[in-house]
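Chemist: Following this line is structure_11.cif, made up of mmCIF, C-alpha atoms:
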```
data_final
loop_
_atom_site.label_atom_id
_atom_site.label_comp_id
_atom_site.auth_asym_id
_atom_site.auth_seq_id
_atom_site.Cartn_x
_atom_site.Cartn_y
_atom_site.Cartn_z
CA MET A 181 -9.19 -41.91 -55.44
CA LYS A 182 -7.63 -38.58 -54.48
CA LYS A 183 -3.91 -38.08 -54.85
CA PHE A 184 -3.72 -36.89 -51.26
CA THR A 185 -5.02 -40.17 -49.88
CA ILE A 186 -2.63 -42.49 -51.69
CA LEU A 187 -0.91 -44.61 -49.04
CA ALA A 188 2.24 -46.61 -49.74
CA LEU A 189 3.33 -49.30 -47.33
CA ILE A 190 7.06 -49.48 -47.93
CA LEU A 191 8.12 -52.92 -46.75
CA THR A 192 11.79 -52.35 -47.47
CA LEU A 193 11.73 -49.21 -45.38
CA ALA A 194 9.91 -51.04 -42.63
CA SER A 195 12.85 -53.38 -42.31
CA ASN A 196 15.36 -50.53 -42.58
CA PHE A 197 13.63 -48.03 -40.29
CA ALA A 198 12.61 -50.48 -37.59
CA TYR A 199 13.77 -51.30 -34.10
CA ALA A 200 14.38 -48.11 -32.17
CA LEU A 201 16.56 -48.59 -29.11
CA SER A 202 14.34 -50.81 -26.98
CA SER A 203 15.67 -49.56 -23.64
CA ASP A 204 14.41 -46.02 -24.43
CA ARG A 205 10.83 -46.95 -23.49
CA ASN A 206 11.95 -47.65 -19.92
CA GLN A 207 13.53 -44.22 -19.48
CA PRO A 208 11.79 -41.16 -18.01
CA ILE A 209 10.51 -38.45 -20.35
CA ARG A 210 12.39 -35.19 -19.68
CA ILE A 211 11.05 -31.90 -21.07
CA GLN A 212 12.72 -28.49 -21.23
CA ALA A 213 11.20 -25.25 -22.56
CA ASP A 214 11.18 -21.50 -22.04
CA HIS A 215 7.60 -21.50 -20.68
CA PHE A 216 5.26 -24.05 -19.08
CA LEU A 217 1.52 -24.02 -18.40
CA GLY A 218 0.05 -27.08 -16.67
CA ASP A 219 -3.57 -27.97 -15.94
CA GLU A 220 -3.78 -30.82 -13.41
CA ILE A 221 -7.57 -31.13 -13.69
CA LYS A 222 -7.49 -31.62 -17.49
CA GLN A 223 -4.20 -33.56 -17.32
CA THR A 224 -2.65 -31.31 -19.97
CA ALA A 225 0.54 -29.32 -20.22
CA THR A 226 1.71 -26.76 -22.76
CA TYR A 227 5.39 -26.00 -23.28
CA THR A 228 6.54 -23.13 -25.52
CA GLY A 229 9.85 -21.76 -26.72
CA ASN A 230 12.87 -23.95 -27.50
CA VAL A 231 11.08 -27.16 -26.51
CA ARG A 232 13.24 -30.25 -26.07
CA VAL A 233 11.91 -33.70 -25.12
CA ASP A 234 14.29 -36.53 -24.23
CA GLN A 235 13.54 -40.17 -23.46
CA GLY A 236 16.72 -42.25 -23.50
CA THR A 237 18.31 -41.69 -26.91
CA MET A 238 15.10 -40.28 -28.40
CA ARG A 239 15.03 -36.48 -28.73
CA LEU A 240 12.24 -34.29 -30.09
CA THR A 241 12.52 -30.52 -30.56
CA GLY A 242 10.15 -27.76 -31.62
CA LYS A 243 8.57 -24.45 -30.69
CA ARG A 244 5.45 -25.76 -28.92
CA LEU A 245 4.51 -29.01 -27.18
CA GLU A 246 1.00 -29.93 -26.06
CA LEU A 247 1.15 -32.93 -23.76
CA VAL A 248 -1.95 -34.87 -22.73
CA GLU A 249 -2.13 -37.75 -20.26
CA THR A 250 -4.56 -40.47 -21.30
CA ALA A 251 -6.95 -42.27 -18.92
CA LYS A 252 -4.45 -45.16 -18.79
CA GLY A 253 -1.66 -42.81 -17.68
CA TYR A 254 0.25 -42.68 -20.98
CA HIS A 255 1.29 -39.44 -22.67
CA VAL A 256 0.55 -38.13 -26.15
CA GLY A 257 2.70 -35.20 -27.20
CA THR A 258 2.04 -32.92 -30.16
CA LEU A 259 5.11 -30.94 -31.12
CA THR A 260 4.96 -28.12 -33.67
CA GLY A 261 7.43 -25.68 -35.08
CA ASN A 262 8.91 -24.46 -38.29
CA LEU A 263 10.03 -28.03 -38.66
CA ALA A 264 9.85 -29.95 -35.43
CA THR A 265 12.50 -32.68 -35.26
CA PHE A 266 13.10 -36.11 -33.79
CA ARG A 267 15.99 -38.56 -33.63
CA GLN A 268 16.53 -41.92 -31.98
CA LYS A 269 19.29 -44.52 -31.86
CA ARG A 270 18.50 -48.02 -33.10
CA ASP A 271 19.29 -51.30 -31.37
CA PRO A 272 22.68 -52.46 -32.66
CA ARG A 273 22.46 -55.03 -35.45
CA ILE A 274 26.02 -55.04 -36.78
CA ARG A 275 29.10 -54.68 -34.58
CA GLY A 276 30.80 -51.31 -35.13
CA VAL A 277 27.80 -49.75 -36.91
CA GLU A 278 25.86 -47.08 -35.03
CA GLU A 279 22.45 -46.43 -36.58
CA TRP A 280 20.12 -43.48 -36.01
CA ILE A 281 16.65 -42.60 -37.25
CA SER A 282 15.93 -38.89 -37.59
CA GLY A 283 13.23 -36.76 -39.15
CA HIS A 284 11.40 -33.49 -39.30
CA ALA A 285 7.92 -32.15 -40.09
CA GLN A 286 5.63 -29.22 -39.37
CA LYS A 287 3.94 -31.36 -36.70
CA ILE A 288 5.12 -34.45 -34.84
CA VAL A 289 2.83 -36.53 -32.61
CA TYR A 290 4.42 -39.06 -30.27
CA GLU A 291 2.20 -41.69 -28.62
CA GLU A 292 4.02 -43.15 -25.62
CA GLN A 293 1.79 -46.24 -25.27
CA THR A 294 2.08 -47.41 -28.89
CA GLY A 295 5.54 -46.04 -29.73
CA VAL A 296 4.11 -44.46 -32.89
CA ILE A 297 5.54 -41.20 -34.20
CA THR A 298 3.41 -39.39 -36.80
CA LEU A 299 5.06 -36.65 -38.86
CA THR A 300 2.75 -34.33 -40.81
CA GLY A 301 3.59 -31.53 -43.26
CA ASP A 302 6.87 -31.65 -45.22
CA ALA A 303 7.65 -34.94 -43.48
CA LEU A 304 11.08 -36.54 -43.83
CA VAL A 305 12.56 -39.60 -42.10
CA GLU A 306 16.17 -40.74 -42.58
CA ARG A 307 18.29 -43.66 -41.39
CA SER A 308 22.03 -43.15 -40.97
CA GLU A 309 24.92 -45.50 -40.29
CA ASN A 310 27.96 -44.00 -38.54
CA GLY A 311 26.80 -40.52 -39.56
CA VAL A 312 26.18 -41.34 -43.25
CA ILE A 313 22.56 -41.14 -44.48
CA LYS A 314 21.58 -44.49 -45.99
CA ASP A 315 17.79 -44.39 -46.45
CA ARG A 316 15.28 -41.54 -46.77
CA ALA A 317 11.48 -41.29 -46.92
CA GLU A 318 9.50 -38.15 -47.82
CA GLY A 319 5.79 -37.38 -47.94
CA SER A 320 3.07 -35.17 -46.56
CA LYS A 321 2.59 -37.66 -43.71
CA ILE A 322 4.85 -40.41 -42.38
CA ILE A 323 3.82 -42.82 -39.64
CA TYR A 324 6.87 -44.41 -38.04
CA ASP A 325 6.08 -47.30 -35.69
CA THR A 326 9.11 -47.80 -33.46
CA LEU A 327 7.82 -51.10 -32.04
CA ARG A 328 6.26 -53.01 -34.93
CA SER A 329 8.71 -52.43 -37.80
CA ARG A 330 6.31 -50.41 -39.96
CA THR A 331 6.61 -47.19 -41.92
CA ILE A 332 3.64 -45.76 -43.83
CA ILE A 333 4.06 -42.81 -46.17
CA GLN A 334 1.25 -40.65 -47.53
CA GLY A 335 2.09 -38.85 -50.78
CA ASN A 336 2.80 -35.15 -51.12
CA GLN A 337 0.56 -32.70 -52.99
CA ASP A 338 1.61 -34.32 -56.25
CA GLY A 339 0.33 -37.61 -54.83
CA ARG A 340 3.74 -39.24 -54.64
CA ALA A 341 5.54 -40.88 -51.73
CA ARG A 342 9.30 -40.83 -52.20
CA THR A 343 11.94 -43.16 -50.83
CA VAL A 344 15.64 -43.62 -51.41
CA ILE A 345 17.21 -46.89 -50.31
CA ALA A 346 20.98 -47.17 -50.24
CA PRO A 347 22.66 -50.00 -52.12
CA ARG A 348 24.14 -52.83 -50.12
CA ASN A 349 27.51 -52.10 -48.68
CA LYS A 350 30.58 -53.32 -50.54
CA GLN A 351 31.20 -56.31 -48.23
CA GLN A 352 27.65 -57.59 -48.68
CA THR A 353 27.81 -57.10 -52.47
CA ASN A 354 31.21 -58.84 -52.74
CA SER A 355 29.99 -61.76 -50.61
CA VAL A 356 26.93 -62.28 -52.84
CA GLN A 357 29.08 -62.05 -56.00
CA GLN A 358 31.56 -64.60 -54.61
CA GLN A 359 28.74 -67.01 -53.75
CA ASP A 360 27.27 -66.64 -57.25
CA SER A 361 30.70 -67.14 -58.84
CA ALA A 362 31.38 -70.29 -56.77
CA ARG A 363 27.99 -71.71 -57.76
CA LEU A 364 28.68 -70.96 -61.42
CA ARG A 365 32.12 -72.69 -61.30
CA SER A 366 30.72 -75.77 -59.62
CA ASN A 367 27.99 -76.11 -62.25
CA THR A 368 30.13 -75.53 -65.35
CA SER A 369 32.54 -78.43 -65.45
CA VAL A 370 33.47 -80.07 -68.75
CA SER A 371 33.84 -83.82 -68.73
CA PRO A 372 36.07 -85.66 -71.21
CA ARG A 373 34.35 -87.89 -73.71
#
```
Can the structure in the file be given as structure tokens, please?
Modeler:
Amino acid sequence: MKKFTILALILTLASNFAYALSSDRNQPIRIQADHFLGDEIKQTATYTGNVRVDQGTMRLTGKRLELVETAKGYHVGTLTGNLATFRQKRDPRIRGVEEWISGHAQKIVYEEQTGVITLTGDALVERSENGVIKDRAEGSKIIYDTLRSRTIIQGNQDGRARTVIAPRNKQQTNSVQQQDSARLRSNTSVSPR
């Protein structure tokens, strides 16, 4: 098995990187660029120069975007650049915590119908909470499924997929320690003889 084809399904990242803001899918796709070339017969469009794509909280940027409309009317966008980027807000899970997913790669493909974002070439995906990076995934290719809670990482040239997962926050850790301590106290009583 070649090093380049090693795939790692990172279940912990799937739970951490999941659930992009669900209302984004119902928003229009807005595209800005320096130049535009559209072909209505082929249902394709090419945008070049300072490309920016917005759909709700999701934003993609790059130097070139090739957009194709499928037979079902959905769009597939291929964004390239000397590191194309994306970011998207997540549905809130904890009150007062704002989470974002962001990433970059040489090429980013966004499939509107499936909600899948594929990052290829020096791929990086990060999750942040209130502006602090908590989790990170790196590889030659990362497939980030915004709808199904899945992240798949293909290893770099050395054949390795890399992830960093932040430790639990202090409140969570203290709560677990207190529960363990209470269980220990309740099970360690000494009875008189």
Chemist: Using only C-alpha atoms, which of the listed residues (A:Asp271, A:Gln293, A:Thr343, A:Val312) sits closest to Ala251 (chain A)?
Modeler: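 Using only C-alpha atoms, the shortest distance to Ala251 (chain A) belongs to A:Gln293.
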Chemist: Measuring between only C-alpha atoms, which one of A:Thr226, A:Val344, A:Gly319, A:Ser282 shows the shortest distance to Ile332 (chain A)?
Modeler: A:Gly319
Chemist: Extract, using all atoms listed in the file, all DNA, RNA and protein residues at most 8 Å from Asp325 (chain A), discarding same-chain residues fewer than 6 positions from it, and format them as a CSV table (one decimal) with C-alpha atoms, in the coordinates of the input.
Modeler:
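File written: out16.csv
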```
chain,number,residue,atom,x,y,z
A,198,ALA,CA,12.6,-50.5,-37.6
A,294,THR,CA,2.1,-47.4,-28.9
A,295,GLY,CA,5.5,-46.0,-29.7
A,296,VAL,CA,4.1,-44.5,-32.9
A,297,ILE,CA,5.5,-41.2,-34.2
A,331,THR,CA,6.6,-47.2,-41.9
```
Chemist: Please list as a list of chain:residue names every residue within 8 Å of Asp234 (chain A), counting all atoms listed in the file and excluding residues in the same chain fewer than 5 positions away.
Modeler: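 Counting all atoms listed in the file, the residues come to A:Ile209, A:Arg210, A:Ile211, A:Arg239, A:Leu240.
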Chemist: Record the distance separating CA of Pro208 (chain A) and CA of Arg267 (chain A), expressed in Å with one decimal.
Modeler: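 Separation between CA of Pro208 (chain A) and CA of Arg267 (chain A): 16.4 Å.
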Chemist: Please report the interatomic distance between CA of Val277 (chain A) and CA of Glu291 (chain A) in Å with one decimal.
Modeler: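 These atoms are spaced 28.1 Å apart.
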Chemist: Of the candidates A:Leu217, A:Glu292, A:Gln286, A:Arg232, which shows the shortest atom-to-atom distance to Lys252 (chain A), using all atoms listed in the file?
Modeler: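 Closest candidate: A:Glu292.
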Chemist: Would you please work out which residue, of A:Met238, A:Val248, A:Ile333, A:Asn262, is nearest to Gly218 (chain A) when using only C-alpha atoms?
Modeler: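 So, comparing all the options, the nearest one is A:Val248.
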Chemist: In Å to one decimal, how far is CA of Arg275 (chain A) from CA of Asn310 (chain A)?
Modeler: 11.4 Å
Chemist: With only C-alpha atoms as the counted atoms, please give the residues lying no more than 8 Å from Gly242 (chain A), apart from itself and same-chain residues fewer than 5 positions off, as a PyMOL selection string.
Modeler: chain A and resi 229-232+259-265
Chemist: As a PyMOL selection string, please: the residues near Glu279 (chain A) (cut-off 10 Å, only C-alpha atoms, same-chain neighbours under 6 positions excluded).
Modeler: chain A and resi 197+200-201+268-273+307-314
Chemist: Which residues come within 8 Å of Thr300 (chain A), counting all atoms listed in the file, excluding same-chain residues fewer than 3 positions away, as a list of chain:residue names?
Modeler: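 Non-adjacent residues within range: A:Ala285, A:Gln286, A:Lys287, A:Ile288, A:Ala303, A:Ser320, A:Lys321, A:Ile322.
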Chemist: Can you work out which one of A:Lys222, A:Gln207, A:Arg340, A:Phe216 has the shortest atom-to-atom distance to Leu245 (chain A), counting all atoms listed in the file?
Modeler: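 For Leu245 (chain A), the nearest of the candidates is A:Phe216.
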Chemist: So, with only C-alpha atoms as the atoms that count, which of A:Phe266, A:Tyr254, A:Tyr227, A:Tyr324 lies closest to Thr298 (chain A)?
Modeler: A:Tyr324
Chemist: Reconstruct N, CA and C atoms of region 202-238 of chain A from the incomplete input and present them as a CSV table (one decimal), keeping the file's coordinate frame.
Modeler:
```
chain,number,residue,atom,x,y,z
A,202,SER,N,15.4,-50.3,-27.8
A,202,SER,CA,14.3,-50.8,-27.0
A,202,SER,C,14.4,-50.3,-25.5
A,203,SER,N,15.6,-50.0,-25.0
A,203,SER,CA,15.7,-49.6,-23.6
A,203,SER,C,15.1,-48.1,-23.4
A,204,ASP,N,14.9,-47.4,-24.5
A,204,ASP,CA,14.4,-46.0,-24.4
A,204,ASP,C,13.0,-46.0,-23.8
A,205,ARG,N,12.2,-47.0,-24.0
A,205,ARG,CA,10.8,-47.0,-23.5
A,205,ARG,C,10.8,-47.0,-22.0
A,206,ASN,N,11.9,-47.5,-21.4
A,206,ASN,CA,12.0,-47.6,-19.9
A,206,ASN,C,12.6,-46.4,-19.2
A,207,GLN,N,12.9,-45.4,-20.0
A,207,GLN,CA,13.5,-44.2,-19.5
A,207,GLN,C,12.5,-43.2,-19.2
A,208,PRO,N,12.7,-42.3,-18.3
A,208,PRO,CA,11.8,-41.2,-18.0
A,208,PRO,C,11.8,-40.2,-19.2
A,209,ILE,N,10.6,-39.5,-19.3
A,209,ILE,CA,10.5,-38.4,-20.4
A,209,ILE,C,10.9,-37.1,-19.7
A,210,ARG,N,11.9,-36.5,-20.2
A,210,ARG,CA,12.4,-35.2,-19.7
A,210,ARG,C,12.1,-34.1,-20.7
A,211,ILE,N,11.5,-33.0,-20.2
A,211,ILE,CA,11.0,-31.9,-21.1
A,211,ILE,C,11.7,-30.6,-20.6
A,212,GLN,N,12.2,-29.8,-21.5
A,212,GLN,CA,12.7,-28.5,-21.2
A,212,GLN,C,12.1,-27.5,-22.2
A,213,ALA,N,11.8,-26.3,-21.7
A,213,ALA,CA,11.2,-25.2,-22.6
A,213,ALA,C,11.4,-23.9,-21.9
A,214,ASP,N,11.1,-22.9,-22.6
A,214,ASP,CA,11.2,-21.5,-22.0
A,214,ASP,C,10.0,-21.2,-21.1
A,215,HIS,N,8.8,-21.8,-21.5
A,215,HIS,CA,7.6,-21.5,-20.7
A,215,HIS,C,6.8,-22.8,-20.5
A,216,PHE,N,6.1,-22.9,-19.4
A,216,PHE,CA,5.3,-24.0,-19.1
A,216,PHE,C,3.9,-23.6,-18.5
A,217,LEU,N,2.8,-24.2,-19.0
A,217,LEU,CA,1.5,-24.0,-18.4
A,217,LEU,C,0.9,-25.4,-18.2
A,218,GLY,N,0.6,-25.8,-17.0
A,218,GLY,CA,0.0,-27.1,-16.7
A,218,GLY,C,-1.3,-27.0,-16.1
A,219,ASP,N,-2.2,-27.9,-16.5
A,219,ASP,CA,-3.6,-28.0,-15.9
A,219,ASP,C,-3.8,-29.4,-15.4
A,220,GLU,N,-3.7,-29.5,-14.0
A,220,GLU,CA,-3.8,-30.8,-13.4
A,220,GLU,C,-5.2,-31.4,-13.5
A,221,ILE,N,-6.2,-30.6,-13.6
A,221,ILE,CA,-7.6,-31.1,-13.7
A,221,ILE,C,-7.8,-31.8,-15.1
A,222,LYS,N,-7.3,-31.1,-16.1
A,222,LYS,CA,-7.5,-31.6,-17.5
A,222,LYS,C,-6.4,-32.6,-17.9
A,223,GLN,N,-5.4,-32.7,-17.0
A,223,GLN,CA,-4.2,-33.6,-17.3
A,223,GLN,C,-3.5,-33.2,-18.6
A,224,THR,N,-3.3,-31.8,-18.8
A,224,THR,CA,-2.6,-31.3,-20.0
A,224,THR,C,-1.5,-30.4,-19.5
A,225,ALA,N,-0.6,-30.2,-20.4
A,225,ALA,CA,0.5,-29.3,-20.2
A,225,ALA,C,0.9,-28.7,-21.6
A,226,THR,N,1.3,-27.4,-21.5
A,226,THR,CA,1.7,-26.8,-22.8
A,226,THR,C,3.1,-26.2,-22.5
A,227,TYR,N,4.0,-26.5,-23.4
A,227,TYR,CA,5.4,-26.0,-23.3
A,227,TYR,C,5.6,-25.2,-24.5
A,228,THR,N,6.2,-24.0,-24.4
A,228,THR,CA,6.5,-23.1,-25.5
A,228,THR,C,8.0,-22.6,-25.4
A,229,GLY,N,8.5,-22.4,-26.6
A,229,GLY,CA,9.8,-21.8,-26.7
A,229,GLY,C,11.0,-22.7,-26.5
A,230,ASN,N,11.7,-23.1,-27.6
A,230,ASN,CA,12.9,-24.0,-27.5
A,230,ASN,C,12.6,-25.2,-26.7
A,231,VAL,N,11.5,-25.9,-27.2
A,231,VAL,CA,11.1,-27.2,-26.5
A,231,VAL,C,12.0,-28.3,-26.9
A,232,ARG,N,12.4,-29.1,-25.9
A,232,ARG,CA,13.2,-30.2,-26.1
A,232,ARG,C,12.7,-31.4,-25.2
A,233,VAL,N,12.4,-32.5,-25.8
A,233,VAL,CA,11.9,-33.7,-25.1
A,233,VAL,C,12.9,-34.8,-25.3
A,234,ASP,N,13.3,-35.4,-24.2
A,234,ASP,CA,14.3,-36.5,-24.2
A,234,ASP,C,13.7,-37.7,-23.5
A,235,GLN,N,13.9,-38.9,-24.1
A,235,GLN,CA,13.5,-40.2,-23.5
A,235,GLN,C,14.6,-41.2,-23.9
A,236,GLY,N,15.6,-41.4,-23.1
A,236,GLY,CA,16.7,-42.2,-23.5
A,236,GLY,C,17.4,-41.6,-24.6
A,237,THR,N,17.6,-42.3,-25.8
A,237,THR,CA,18.3,-41.7,-26.9
A,237,THR,C,17.4,-40.9,-27.8
A,238,MET,N,16.1,-41.0,-27.6
A,238,MET,CA,15.1,-40.3,-28.4
A,238,MET,C,15.1,-38.8,-28.0
```
